[in-house]
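Novice: Once you've had a glance at the structure underneath, I'll fire off some questions.
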Amino acid sequence: MIWARRGLRHLQLLAVVLLASAFMSPAPADVSKQFELSLQGQFFPGLSADSADNREQFFTGIEAEFSSDFDSDHLIGTFLPYGRVASTGGEMSRVDIRELNLLYTQDNWEGIAGISRVFWGVTESGHLVDIINQTDQLEGFDGEDKLGQAMIRISRLFDQNSVDLYVLPGFREREFLPPDQPLALPFPISNDKPLYGADNEAQHVDFALRLSGYQGIADYGLSWFSGTSRDPEFIPESTGAYRPRYPLIHQAGLDLQLTLDSWLWKLEAIHRAFESDTVTDDFTAIIGGAEYTIYGLADALFDLGLLAEWHGDSREDRATVPMQNDLFAGLRASFSDTQSSEFLAGVFSDLDDGSNSFRVEASRRILDDARITLEAQTFVDVDSDNALSYLEDSDFIVLSLQLFF
Amino acid sequence: MKCTGVLLTVIALLMPHTLQAETPDARGLEIAAQADKRDSGWQFQSSDMEMILRNRAGKESRRKISTRQLEVNGDGDKTLSLFHEPRDVRGTAMLTFSHGLEPDDQWLYLPAIKRVKRISSRNRSGPFMGSEFAFEDLSSQELDKYQYRYLRDEACDRYQCYVIERIPLYDNSGYTRQIVWLDQTEFRSIQIEYFDRKDELLKTLNFSEYQEYPGGFWRADRMEMTNHQTGKSTTLLWFNYDFETPLKSGDFNKNALKRLL
């Protein structure tokens with residue numbers, strides 16, 4: 001069994017080396033190369049001086065993207081390695097392969113094999129339907145960053161619809177922030193060996209199916225996932241620590257957007273059923289809301305979007321996610337200047353206990369090929385029973401500079 | 001040769017009489033319809049475009065975009081734009097299905113988050129990528145989007161032109177009217193003046209360096225848009241026009257936005 005597992009690992013490694021060397025070969029077909037260098041400072045002004053080590057942290061990251069069509073009308077290869085160095089070192093410094101895949105297209109058929117990232121869904125303040133990739137928690141608090149996932153995808157494209165079948169080998173665990181990190185979970189995690197619902201653990205092969213398309217003003221997606229949950233449960237141990245456990249789940253998802261003039265109406269809903277030997281009950285969750293945009297304000301200087309989205313979860317208080325009866329309300333200003341300046345301010349409010357979290361994001365292009373981004377979040381009146389109560393002192397400001405070349 | 005010349009002169013002498021019988025509106029529509037007809041039947045085309053934005057002080061910034069278009073019979077065209085520069089939006093793609101007077105269907109693909117977003121096409125009068133071109137200036141020009149009126153004949157640039165006025169009939173236009181100069185031999189747009197909602201002259205667009213492509217289709221390699229109210233201007237330079245490489249409707253699918261190189 002162990003040998004079989006090791007065999008598979010070696011096979012995966014071999015595939016990585018082969019695909020990577022295809023891009024690096026001395027006389028490659030036309031390979032396009034793009035690089036993004038990012039410099040980031042994270043500041044936690046609310047932390048006490050004794051945790052001063054991590055009150056300020058700095059990161060330097062580089063993402064490269066190599067792609068080629070290998071002089072073929074049907075093939076596209078992509079290799080996207082990423083690495084970063086953290087001022088705090090240790091686990092916060094890392095190297096990862098975000099994408100390494102070959103895409104084959106033939107008429108209305110499409111197939112991809114390798115490591116890739118996929119996004120499903122329509123809502124802005126949270127993502128329920130999106131399930132293929134593991135969340136990359138080391139990169140950002142908002143959960144928008146994803147780890148690459150090994151997959152084979154076969155798609156059939158129709159005029160207005162598409163059917164995608166995914167076979168997903170090689171589960172990736174969630175990487176948790178080390179306990180000395182300001183946004184780390186408030187309990188110790190036994191991360192040496194997670195537990196799995198599947199007998200063959202991380203080697204379990206997951207499946208997913210998605211139908212998506214549009215008709216008139218409606219864009220829709222229906223999805224089905226069967227396999228190892230990307231979200232862990234936490235099993236208490238005698239040591240007082242918690243061990244992550246990845247149960248087997250079946251999840252149905254729906255996403256829908258109606259685009260009506262200045263209104264965008266959005267809905268995401270999932271139902272997740274667990275295999276019997278789990279500690280979590282089946283549940284249904286939804287995010288629904290709207291965005292209304294007023295165009296051309298202040299002499300066409302900017303467009304102002306008003307957003308509201310409600311998050312509901314049938315587990316209510318037992319939900320392991322902080323959003324079970326919460327409202328997100330926000331403003332988005334998109335400027336028509338040559339720097340494409342953008343500004344977003346919003347608040348997440350727990351409608352049960354009155355806990356609030358305010359968030360601001362602002363960005364603009366500088367120096368033609370660079371972008372500067374400010375992100376700040378503060379946690380206000382967080383109820384002691386709220387799932388986010390451990391973040392009360394973890395208000396943060398993140399300043400990033402991305403250079404593209 | 002001489003014979004043809006005489007014949008043309010005779011026709012030209014006769015024409016004013018036939019024109020006088022027409023109302024300016026009918027004459028304007030006739031000219032616009034002729035221009036529309038001359039630019040029909042290309043089926044598909046692709047090209048690369050560089051956009052040079054200049055502010056009042058003359059400071060420049062650049063954008064690079066490649067576009068693919070599919071002609072749709074009985075409806076507006078399908079357009080796919082892939083952004084290369086500025087580099088922070090590299091890989092972003094915009095897909096537009098235009099529908100004449102009805103709102104367009106529009107999707108945006110954001111490569112950093114792998115997300116295809118349906119966006120509102122309500123913002124026709126908004127600036128395209130911070131330039132002096134509004135979305136409506138660059139969108140598919142269908143005959144039924146305007147009401148036309150013939151104004152006069154006049155020399156323009158090095159051509160003899162028809163001058164017609166057109167009033168947008170679609171919702172949310174930023175203009176009360178436009179005045180278009182079309183050359184009388186090939187019906188190419190030579191100049192367009194745009195009047196804002198207060199009916200004041202806002203912008204002038206000049207087309208130059210026209211080239212003829214197989215099938216008799218003319219494309220300007222250079223377009224200059226000058227905003228008279230702000231002093232800003234935008235130049236569009238077009239390269240690599242291709243009417244040969246076939247494109248089909250499957251290339252204009254919102255689910256195919258992710259696979260563009």
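In the structure tokens, chains take letters A, B, ... by order of appearance, with residues numbered from 1 within each chain and ligands from 1 in the order shown.
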For stretch 336-340 of chain A, please output as a ChimeraX atom specification all residues within 6 Å (counting only C-alpha atoms; exclusion window: fewer than 5 positions along the same chain).
Specialist: /A:301-302,364-365 /B:130
Novice: Leaving out B:Arg122 and any residue of its chain fewer than 2 positions from it, which residues lie within 12 Å of it when counting only C-alpha atoms, given as a PDB file with N, CA and C atoms, in the first residue's frame?
Specialist:
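Result file part.pdb:
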```
ATOM      1  N   THR A 259     -28.538  39.633 -15.231  1.00  0.00           N
ATOM      2  CA  THR A 259     -27.951  40.930 -15.576  1.00  0.00           C
ATOM      3  C   THR A 259     -29.039  41.787 -16.208  1.00  0.00           C
ATOM      4  N   LEU A 260     -29.536  42.736 -15.434  1.00  0.00           N
ATOM      5  CA  LEU A 260     -30.671  43.556 -15.856  1.00  0.00           C
ATOM      6  C   LEU A 260     -30.276  45.019 -15.813  1.00  0.00           C
ATOM      7  N   ASP A 261     -29.854  45.549 -16.956  1.00  0.00           N
ATOM      8  CA  ASP A 261     -29.455  46.950 -17.032  1.00  0.00           C
ATOM      9  C   ASP A 261     -28.398  47.244 -15.965  1.00  0.00           C
ATOM     10  N   SER A 262     -28.696  48.115 -15.009  1.00  0.00           N
ATOM     11  CA  SER A 262     -27.686  48.476 -14.005  1.00  0.00           C
ATOM     12  C   SER A 262     -27.646  47.504 -12.830  1.00  0.00           C
ATOM     13  N   TRP A 263     -28.526  46.507 -12.833  1.00  0.00           N
ATOM     14  CA  TRP A 263     -28.613  45.562 -11.724  1.00  0.00           C
ATOM     15  C   TRP A 263     -27.959  44.233 -12.065  1.00  0.00           C
ATOM     16  N   LEU A 264     -27.191  43.699 -11.119  1.00  0.00           N
ATOM     17  CA  LEU A 264     -26.723  42.321 -11.213  1.00  0.00           C
ATOM     18  C   LEU A 264     -27.294  41.583  -9.999  1.00  0.00           C
ATOM     19  N   TYR A 292     -25.890  47.171  -7.667  1.00  0.00           N
ATOM     20  CA  TYR A 292     -26.487  48.202  -8.503  1.00  0.00           C
ATOM     21  C   TYR A 292     -25.420  49.245  -8.802  1.00  0.00           C
ATOM     22  N   THR A 293     -25.247  49.587 -10.071  1.00  0.00           N
ATOM     23  CA  THR A 293     -24.181  50.534 -10.422  1.00  0.00           C
ATOM     24  C   THR A 293     -24.752  51.821 -10.996  1.00  0.00           C
ATOM     25  N   ILE A 294     -24.252  52.942 -10.467  1.00  0.00           N
ATOM     26  CA  ILE A 294     -24.590  54.258 -11.014  1.00  0.00           C
ATOM     27  C   ILE A 294     -23.395  54.674 -11.863  1.00  0.00           C
ATOM     28  N   TYR A 295     -23.625  54.870 -13.157  1.00  0.00           N
ATOM     29  CA  TYR A 295     -22.514  55.118 -14.087  1.00  0.00           C
ATOM     30  C   TYR A 295     -22.238  56.602 -14.292  1.00  0.00           C
ATOM     31  N   GLY A 296     -20.968  56.904 -14.520  1.00  0.00           N
ATOM     32  CA  GLY A 296     -20.566  58.238 -14.979  1.00  0.00           C
ATOM     33  C   GLY A 296     -20.769  59.348 -13.981  1.00  0.00           C
ATOM     34  N   ASP A 303     -17.622  55.234 -11.684  1.00  0.00           N
ATOM     35  CA  ASP A 303     -18.883  54.515 -11.542  1.00  0.00           C
ATOM     36  C   ASP A 303     -18.967  54.041 -10.103  1.00  0.00           C
TER      37      ASP A 303
ATOM     38  N   LEU B 101     -30.191  47.659 -31.214  1.00  0.00           N
ATOM     39  CA  LEU B 101     -30.851  48.544 -30.244  1.00  0.00           C
ATOM     40  C   LEU B 101     -30.999  47.906 -28.872  1.00  0.00           C
ATOM     41  N   GLU B 102     -31.000  46.588 -28.823  1.00  0.00           N
ATOM     42  CA  GLU B 102     -31.107  45.884 -27.538  1.00  0.00           C
ATOM     43  C   GLU B 102     -29.763  45.950 -26.817  1.00  0.00           C
ATOM     44  N   PRO B 103     -29.763  45.789 -25.468  1.00  0.00           N
ATOM     45  CA  PRO B 103     -28.478  45.802 -24.756  1.00  0.00           C
ATOM     46  C   PRO B 103     -27.578  44.647 -25.220  1.00  0.00           C
ATOM     47  N   ASP B 104     -26.281  44.900 -25.282  1.00  0.00           N
ATOM     48  CA  ASP B 104     -25.329  43.855 -25.650  1.00  0.00           C
ATOM     49  C   ASP B 104     -25.177  42.858 -24.500  1.00  0.00           C
ATOM     50  N   ASP B 105     -24.754  41.633 -24.833  1.00  0.00           N
ATOM     51  CA  ASP B 105     -24.336  40.669 -23.807  1.00  0.00           C
ATOM     52  C   ASP B 105     -22.828  40.795 -23.717  1.00  0.00           C
ATOM     53  N   GLN B 106     -22.317  40.882 -22.482  1.00  0.00           N
ATOM     54  CA  GLN B 106     -20.883  41.138 -22.338  1.00  0.00           C
ATOM     55  C   GLN B 106     -20.299  40.365 -21.153  1.00  0.00           C
ATOM     56  N   ILE B 119     -20.966  41.106 -17.306  1.00  0.00           N
ATOM     57  CA  ILE B 119     -21.015  42.488 -16.853  1.00  0.00           C
ATOM     58  C   ILE B 119     -22.151  43.231 -17.554  1.00  0.00           C
ATOM     59  N   SER B 120     -22.584  44.314 -16.949  1.00  0.00           N
ATOM     60  CA  SER B 120     -23.660  45.112 -17.527  1.00  0.00           C
ATOM     61  C   SER B 120     -23.120  45.887 -18.720  1.00  0.00           C
ATOM     62  N   ARG B 124     -22.603  52.338 -21.977  1.00  0.00           N
ATOM     63  CA  ARG B 124     -22.146  52.587 -23.347  1.00  0.00           C
ATOM     64  C   ARG B 124     -21.331  53.867 -23.469  1.00  0.00           C
ATOM     65  N   SER B 125     -21.676  54.870 -22.652  1.00  0.00           N
ATOM     66  CA  SER B 125     -21.020  56.173 -22.813  1.00  0.00           C
ATOM     67  C   SER B 125     -19.733  56.278 -21.993  1.00  0.00           C
ATOM     68  N   GLY B 126     -19.439  55.238 -21.195  1.00  0.00           N
ATOM     69  CA  GLY B 126     -18.234  55.274 -20.361  1.00  0.00           C
ATOM     70  C   GLY B 126     -16.972  55.114 -21.190  1.00  0.00           C
ATOM     71  N   PHE B 135     -17.197  53.220 -24.994  1.00  0.00           N
ATOM     72  CA  PHE B 135     -17.553  51.873 -25.445  1.00  0.00           C
ATOM     73  C   PHE B 135     -18.389  51.943 -26.725  1.00  0.00           C
ATOM     74  N   GLU B 136     -19.330  52.927 -26.790  1.00  0.00           N
ATOM     75  CA  GLU B 136     -20.212  53.002 -27.953  1.00  0.00           C
ATOM     76  C   GLU B 136     -19.468  53.390 -29.227  1.00  0.00           C
ATOM     77  N   TYR B 170     -30.314  54.039 -29.666  1.00  0.00           N
ATOM     78  CA  TYR B 170     -30.174  53.115 -28.538  1.00  0.00           C
ATOM     79  C   TYR B 170     -30.141  53.897 -27.229  1.00  0.00           C
ATOM     80  N   ASP B 171     -30.463  53.215 -26.132  1.00  0.00           N
ATOM     81  CA  ASP B 171     -30.513  53.861 -24.821  1.00  0.00           C
ATOM     82  C   ASP B 171     -29.115  54.184 -24.315  1.00  0.00           C
ATOM     83  N   ASN B 172     -29.034  55.185 -23.446  1.00  0.00           N
ATOM     84  CA  ASN B 172     -27.822  55.487 -22.675  1.00  0.00           C
ATOM     85  C   ASN B 172     -26.635  55.957 -23.514  1.00  0.00           C
ATOM     86  N   SER B 173     -26.913  56.540 -24.655  1.00  0.00           N
ATOM     87  CA  SER B 173     -25.810  57.116 -25.425  1.00  0.00           C
ATOM     88  C   SER B 173     -25.361  58.408 -24.745  1.00  0.00           C
ATOM     89  N   GLY B 174     -24.075  58.723 -24.872  1.00  0.00           N
ATOM     90  CA  GLY B 174     -23.565  59.974 -24.331  1.00  0.00           C
ATOM     91  C   GLY B 174     -23.720  61.131 -25.319  1.00  0.00           C
TER      92      GLY B 174
END
```
Novice: Dump as a tab-separated table the rows for residues of chain A within 9 Å of chain B: closest atom pair and distance in Å with one decimal, only C-alpha atoms counted, ordered by chain and rising residue number.
Specialist:
```
residue	atom	partner	partner_atom	distance
A:Ser32	CA	B:Leu261	CA	8.9
A:Glu36	CA	B:Asp88	CA	9.0
A:Ser67	CA	B:Leu261	CA	7.9
A:Ser68	CA	B:Leu261	CA	8.2
A:Asp69	CA	B:Leu261	CA	8.2
A:Ile76	CA	B:Arg259	CA	7.9
A:Leu103	CA	B:Arg259	CA	8.0
A:Asp107	CA	B:Gly250	CA	7.7
A:Asn108	CA	B:Gly250	CA	6.8
A:Arg117	CA	B:Lys114	CA	7.2
A:Val118	CA	B:Lys114	CA	6.3
A:Phe119	CA	B:Lys114	CA	5.7
A:Trp120	CA	B:Arg115	CA	7.4
A:Gly121	CA	B:Arg115	CA	8.2
A:Val122	CA	B:Lys117	CA	7.2
A:Glu144	CA	B:Ile113	CA	7.5
A:Asp145	CA	B:Ile113	CA	7.9
A:Lys146	CA	B:Ile113	CA	8.8
A:Leu157	CA	B:Asn255	CA	7.5
A:Phe158	CA	B:Gly250	CA	7.7
A:Asp159	CA	B:Gly250	CA	6.6
A:Gln160	CA	B:Asn253	CA	7.2
A:Asn161	CA	B:Asn255	CA	8.0
A:Ser162	CA	B:Asn255	CA	6.9
A:Ser212	CA	B:Asn255	CA	8.5
A:Gly213	CA	B:Asn255	CA	8.0
A:Tyr214	CA	B:Lys254	CA	8.9
A:Gly216	CA	B:Asp105	CA	8.2
A:Ile217	CA	B:Asp105	CA	8.0
A:Asp219	CA	B:Arg118	CA	7.5
A:Gln257	CA	B:Arg118	CA	8.0
A:Leu258	CA	B:Arg118	CA	8.9
A:Thr259	CA	B:Ser120	CA	6.3
A:Leu260	CA	B:Ser120	CA	7.4
A:Asp261	CA	B:Arg122	CA	5.5
A:Ser262	CA	B:Arg122	CA	6.2
A:Trp263	CA	B:Ser120	CA	7.6
A:Leu264	CA	B:Ser120	CA	7.6
A:Thr293	CA	B:Ser120	CA	9.0
A:Tyr295	CA	B:Asn123	CA	6.4
A:Gly296	CA	B:Gly126	CA	6.6
A:Ala300	CA	B:Gly126	CA	7.0
A:Asp303	CA	B:Gly126	CA	8.9
A:Phe335	CA	B:Gly130	CA	8.5
A:Ser336	CA	B:Gly130	CA	5.0
A:Asp337	CA	B:Gly130	CA	5.1
A:Thr338	CA	B:Gly130	CA	4.5
A:Gln339	CA	B:Gly130	CA	7.7
A:Ser340	CA	B:Gly130	CA	7.1
A:Arg365	CA	B:Asp88	CA	7.7
A:Asp368	CA	B:Pro86	CA	6.4
A:Asp369	CA	B:Arg87	CA	5.5
A:Ala370	CA	B:Asp88	CA	6.6
A:Arg371	CA	B:Asp88	CA	6.8
A:Gln402	CA	B:Asp88	CA	8.3
A:Leu403	CA	B:Asp88	CA	8.1
A:Phe404	CA	B:Arg87	CA	5.9
A:Phe405	CA	B:Arg87	CA	7.2
```
Novice: Give me, as a ChimeraX atom specification, the residues of stretch 157-356 of chain A that a backbone DSSP run labels strand (DSSP E).
Specialist: /A:157,161-168,195-196,206-215,218-228,233-236,242-246,248-260,263-274,283-296,302-313,325-335,342-350,356
Novice: Would you pick out the contacts of A:Asp255 at 6 Å or less, using only C-alpha atoms, so that residues sharing its chain but fewer than 6 positions from it are not included, and give the list as a ChimeraX atom specification?
Specialist: /A:121,220-221,267-268
Novice: Could you dump the residues just selected with N, CA and C atoms as a PDB file, in the first residue's frame?
Specialist:
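File produced: result.pdb:
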```pdb
ATOM      1  N   GLY A 121     -18.663  30.263  -9.836  1.00  0.00           N
ATOM      2  CA  GLY A 121     -19.482  31.098  -8.965  1.00  0.00           C
ATOM      3  C   GLY A 121     -19.664  32.513  -9.452  1.00  0.00           C
ATOM      4  N   TYR A 220     -25.898  30.771 -15.706  1.00  0.00           N
ATOM      5  CA  TYR A 220     -26.153  29.783 -14.666  1.00  0.00           C
ATOM      6  C   TYR A 220     -25.090  28.701 -14.655  1.00  0.00           C
ATOM      7  N   GLY A 221     -25.016  28.027 -13.514  1.00  0.00           N
ATOM      8  CA  GLY A 221     -24.142  26.873 -13.397  1.00  0.00           C
ATOM      9  C   GLY A 221     -24.767  25.868 -12.439  1.00  0.00           C
ATOM     10  N   LEU A 267     -26.856  34.705  -7.019  1.00  0.00           N
ATOM     11  CA  LEU A 267     -27.212  33.662  -6.056  1.00  0.00           C
ATOM     12  C   LEU A 267     -26.244  32.492  -6.181  1.00  0.00           C
ATOM     13  N   GLU A 268     -25.754  32.034  -5.028  1.00  0.00           N
ATOM     14  CA  GLU A 268     -25.022  30.764  -4.984  1.00  0.00           C
ATOM     15  C   GLU A 268     -25.649  29.923  -3.883  1.00  0.00           C
TER      16      GLU A 268
END
```
Novice: Determine, counting only C-alpha atoms, which protein, DNA and RNA residues have an atom within 9 Å of an atom of B:Ala35; residues of the same chain fewer than 2 positions away are not included. Present the result as JSON, numbers by chain.
Specialist: {"B": [30, 31, 32, 33, 37, 38, 39, 40, 182, 186, 187, 188, 189]}
Novice: Let me see the file: selected residues, C-alpha atoms, as a compact mmCIF listing (two decimals), in the first residue's frame.
Specialist:
```
# COMPACT_ATOMS: atom_id res chain seq x y z
CA GLU B 30 -29.47 55.65 -48.29
CA ILE B 31 -25.84 56.75 -47.85
CA ALA B 32 -25.53 54.98 -44.47
CA ALA B 33 -27.08 51.83 -45.97
CA LYS B 37 -23.53 47.22 -47.44
CA ARG B 38 -19.95 47.91 -48.58
CA ASP B 39 -18.69 46.65 -45.20
CA SER B 40 -20.83 43.53 -45.09
CA LEU B 182 -17.95 59.49 -45.75
CA GLU B 186 -15.69 53.85 -51.17
CA PHE B 187 -18.06 55.06 -48.41
CA ARG B 188 -15.28 54.96 -45.80
CA SER B 189 -15.61 57.02 -42.61
```
Novice: Please determine, counting only C-alpha atoms, which residue among B:Asn227, B:Gln43, B:Gln34, B:Thr23 has the shortest atom-to-atom distance to B:Gly215.
Specialist: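 So, comparing all the options, the nearest one is B:Gln43.
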Novice: In Å, how far is it from atom CA of A:Ser38 to atom CA of A:Leu401?
Specialist: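 About the pair atom CA of A:Ser38 and atom CA of A:Leu401: they are 5.6 Å apart.
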Novice: Within 12 Å of B:Phe83, counting only C-alpha atoms, which residues show up once you throw out same-chain ones fewer than 6 positions away? Write them as a PyMOL selection string, please.
Specialist: chain B and resi 48-51+62-68+89-95+108-111+129+257+260-261
Novice: Produce a file of the selected residues containing N, CA and C atoms, as an mmCIF file, in the first residue's frame.
Specialist:
```
data_model
loop_
_atom_site.group_PDB
_atom_site.id
_atom_site.type_symbol
_atom_site.label_atom_id
_atom_site.label_comp_id
_atom_site.auth_asym_id
_atom_site.auth_seq_id
_atom_site.Cartn_x
_atom_site.Cartn_y
_atom_site.Cartn_z
ATOM 1 N N ASP B 48 -4.587 43.453 -34.492
ATOM 2 C CA ASP B 48 -3.945 43.910 -33.260
ATOM 3 C C ASP B 48 -4.040 45.425 -33.212
ATOM 4 N N MET B 49 -4.165 45.950 -32.025
ATOM 5 C CA MET B 49 -4.365 47.383 -31.886
ATOM 6 C C MET B 49 -3.488 47.932 -30.778
ATOM 7 N N GLU B 50 -2.899 49.090 -31.041
ATOM 8 C CA GLU B 50 -2.177 49.796 -29.992
ATOM 9 C C GLU B 50 -2.892 51.117 -29.758
ATOM 10 N N MET B 51 -3.074 51.424 -28.489
ATOM 11 C CA MET B 51 -3.821 52.618 -28.123
ATOM 12 C C MET B 51 -2.853 53.549 -27.402
ATOM 13 N N ARG B 62 0.156 53.689 -22.849
ATOM 14 C CA ARG B 62 -0.170 52.800 -23.961
ATOM 15 C C ARG B 62 -0.949 51.566 -23.533
ATOM 16 N N ARG B 63 -1.777 51.079 -24.432
ATOM 17 C CA ARG B 63 -2.475 49.817 -24.251
ATOM 18 C C ARG B 63 -2.304 48.991 -25.530
ATOM 19 N N LYS B 64 -2.206 47.664 -25.359
ATOM 20 C CA LYS B 64 -2.149 46.785 -26.527
ATOM 21 C C LYS B 64 -3.234 45.729 -26.418
ATOM 22 N N ILE B 65 -3.987 45.584 -27.481
ATOM 23 C CA ILE B 65 -5.157 44.710 -27.467
ATOM 24 C C ILE B 65 -5.207 43.950 -28.785
ATOM 25 N N SER B 66 -5.550 42.664 -28.752
ATOM 26 C CA SER B 66 -5.868 42.027 -30.031
ATOM 27 C C SER B 66 -7.359 41.725 -30.073
ATOM 28 N N THR B 67 -7.931 41.824 -31.245
ATOM 29 C CA THR B 67 -9.380 41.633 -31.357
ATOM 30 C C THR B 67 -9.699 40.606 -32.435
ATOM 31 N N ARG B 68 -10.784 39.901 -32.210
ATOM 32 C CA ARG B 68 -11.326 38.979 -33.212
ATOM 33 C C ARG B 68 -12.802 39.299 -33.350
ATOM 34 N N VAL B 89 -3.144 44.098 -16.577
ATOM 35 C CA VAL B 89 -4.412 43.512 -17.034
ATOM 36 C C VAL B 89 -4.168 42.475 -18.139
ATOM 37 N N ARG B 90 -2.890 42.074 -18.302
ATOM 38 C CA ARG B 90 -2.535 41.096 -19.327
ATOM 39 C C ARG B 90 -3.363 39.816 -19.172
ATOM 40 N N GLY B 91 -3.882 39.330 -20.275
ATOM 41 C CA GLY B 91 -4.667 38.102 -20.238
ATOM 42 C C GLY B 91 -6.150 38.327 -19.991
ATOM 43 N N THR B 92 -6.513 39.567 -19.634
ATOM 44 C CA THR B 92 -7.929 39.881 -19.458
ATOM 45 C C THR B 92 -8.596 39.853 -20.832
ATOM 46 N N ALA B 93 -9.785 39.285 -20.899
ATOM 47 C CA ALA B 93 -10.477 39.186 -22.182
ATOM 48 C C ALA B 93 -11.901 39.692 -22.048
ATOM 49 N N MET B 94 -12.394 40.349 -23.086
ATOM 50 C CA MET B 94 -13.774 40.827 -23.076
ATOM 51 C C MET B 94 -14.503 40.271 -24.293
ATOM 52 N N LEU B 95 -15.655 39.676 -24.028
ATOM 53 C CA LEU B 95 -16.461 39.087 -25.094
ATOM 54 C C LEU B 95 -17.768 39.868 -25.191
ATOM 55 N N LEU B 108 -16.486 39.383 -19.041
ATOM 56 C CA LEU B 108 -15.098 39.750 -18.807
ATOM 57 C C LEU B 108 -14.404 38.557 -18.161
ATOM 58 N N TYR B 109 -13.231 38.181 -18.668
ATOM 59 C CA TYR B 109 -12.454 37.108 -18.038
ATOM 60 C C TYR B 109 -11.264 37.718 -17.309
ATOM 61 N N LEU B 110 -11.168 37.414 -16.013
ATOM 62 C CA LEU B 110 -10.089 37.945 -15.182
ATOM 63 C C LEU B 110 -9.118 36.815 -14.867
ATOM 64 N N PRO B 111 -7.942 36.791 -15.505
ATOM 65 C CA PRO B 111 -7.067 35.621 -15.423
ATOM 66 C C PRO B 111 -6.493 35.365 -14.035
ATOM 67 N N MET B 129 -11.092 51.803 -21.250
ATOM 68 C CA MET B 129 -9.733 51.736 -20.689
ATOM 69 C C MET B 129 -9.108 53.119 -20.462
ATOM 70 N N LEU B 257 -13.083 31.638 -23.070
ATOM 71 C CA LEU B 257 -12.257 32.812 -22.760
ATOM 72 C C LEU B 257 -10.985 32.426 -22.024
ATOM 73 N N LEU B 260 -7.381 31.473 -24.145
ATOM 74 C CA LEU B 260 -6.741 32.373 -25.106
ATOM 75 C C LEU B 260 -5.271 32.536 -24.776
ATOM 76 N N LEU B 261 -4.467 32.615 -25.782
ATOM 77 C CA LEU B 261 -3.033 32.850 -25.556
ATOM 78 C C LEU B 261 -2.705 34.282 -25.919
#
```
Novice: Give me, please, the distance in Å between atom CA of A:Ala218 and atom CA of A:Ile270, quoted to one decimal.
Specialist: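 Answer for the atom CA of A:Ala218 to atom CA of A:Ile270 separation: 18.7 Å.
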Novice: Can you tell me, as a count of residues only, what residues are no more than 12 Å from B:Ala57 when counting only C-alpha atoms, ignoring any on the same chain fewer than 6 positions away?
Specialist: 4
Novice: Would you pick out the contacts of stretch 179-184 of chain A at 10 Å or less, using only C-alpha atoms, so that residues sharing its chain but fewer than 6 positions from it are not included, and give the list as a short mmCIF file (atom, residue, chain, number, x, y, z; two decimals) with C-alpha atoms, in the first residue's frame?
Specialist:
```
data_model
loop_
_atom_site.label_atom_id
_atom_site.label_comp_id
_atom_site.auth_asym_id
_atom_site.auth_seq_id
_atom_site.Cartn_x
_atom_site.Cartn_y
_atom_site.Cartn_z
CA PHE A 43 0.94 45.33 9.57
CA PHE A 44 -1.04 44.39 12.67
CA LEU A 47 -1.22 43.41 18.53
CA SER A 51 4.11 39.61 19.98
CA ASP A 53 7.93 39.67 16.07
CA ASN A 54 4.99 39.33 13.79
CA ARG A 55 3.43 42.79 14.06
CA GLN A 57 5.99 41.13 8.15
CA THR A 88 9.60 35.69 9.33
CA MET A 92 5.68 31.42 5.48
CA GLN A 137 -4.51 30.25 3.53
CA LEU A 138 -0.88 31.29 3.67
CA GLY A 140 -4.37 35.79 2.08
CA PHE A 141 -7.12 36.10 4.65
CA TYR A 390 -10.09 35.27 18.16
CA LEU A 391 -9.42 37.99 15.58
CA ASP A 393 -7.01 42.29 18.06
CA SER A 394 -5.93 41.23 14.59
CA ASP A 395 -6.89 44.31 12.59
CA PHE A 396 -4.53 44.44 9.66
#
```
Novice: From stretch 257-337 of chain A, collect each residue whose DSSP state is helix (DSSP H, G or I) and return the set as a count of residues only.
Specialist: 7
Novice: Can you tell me how far atom CA of A:Tyr82 sits from atom CA of A:Leu185, in Å to one decimal?
Specialist: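 Between these atoms lies a distance of 25.0 Å.
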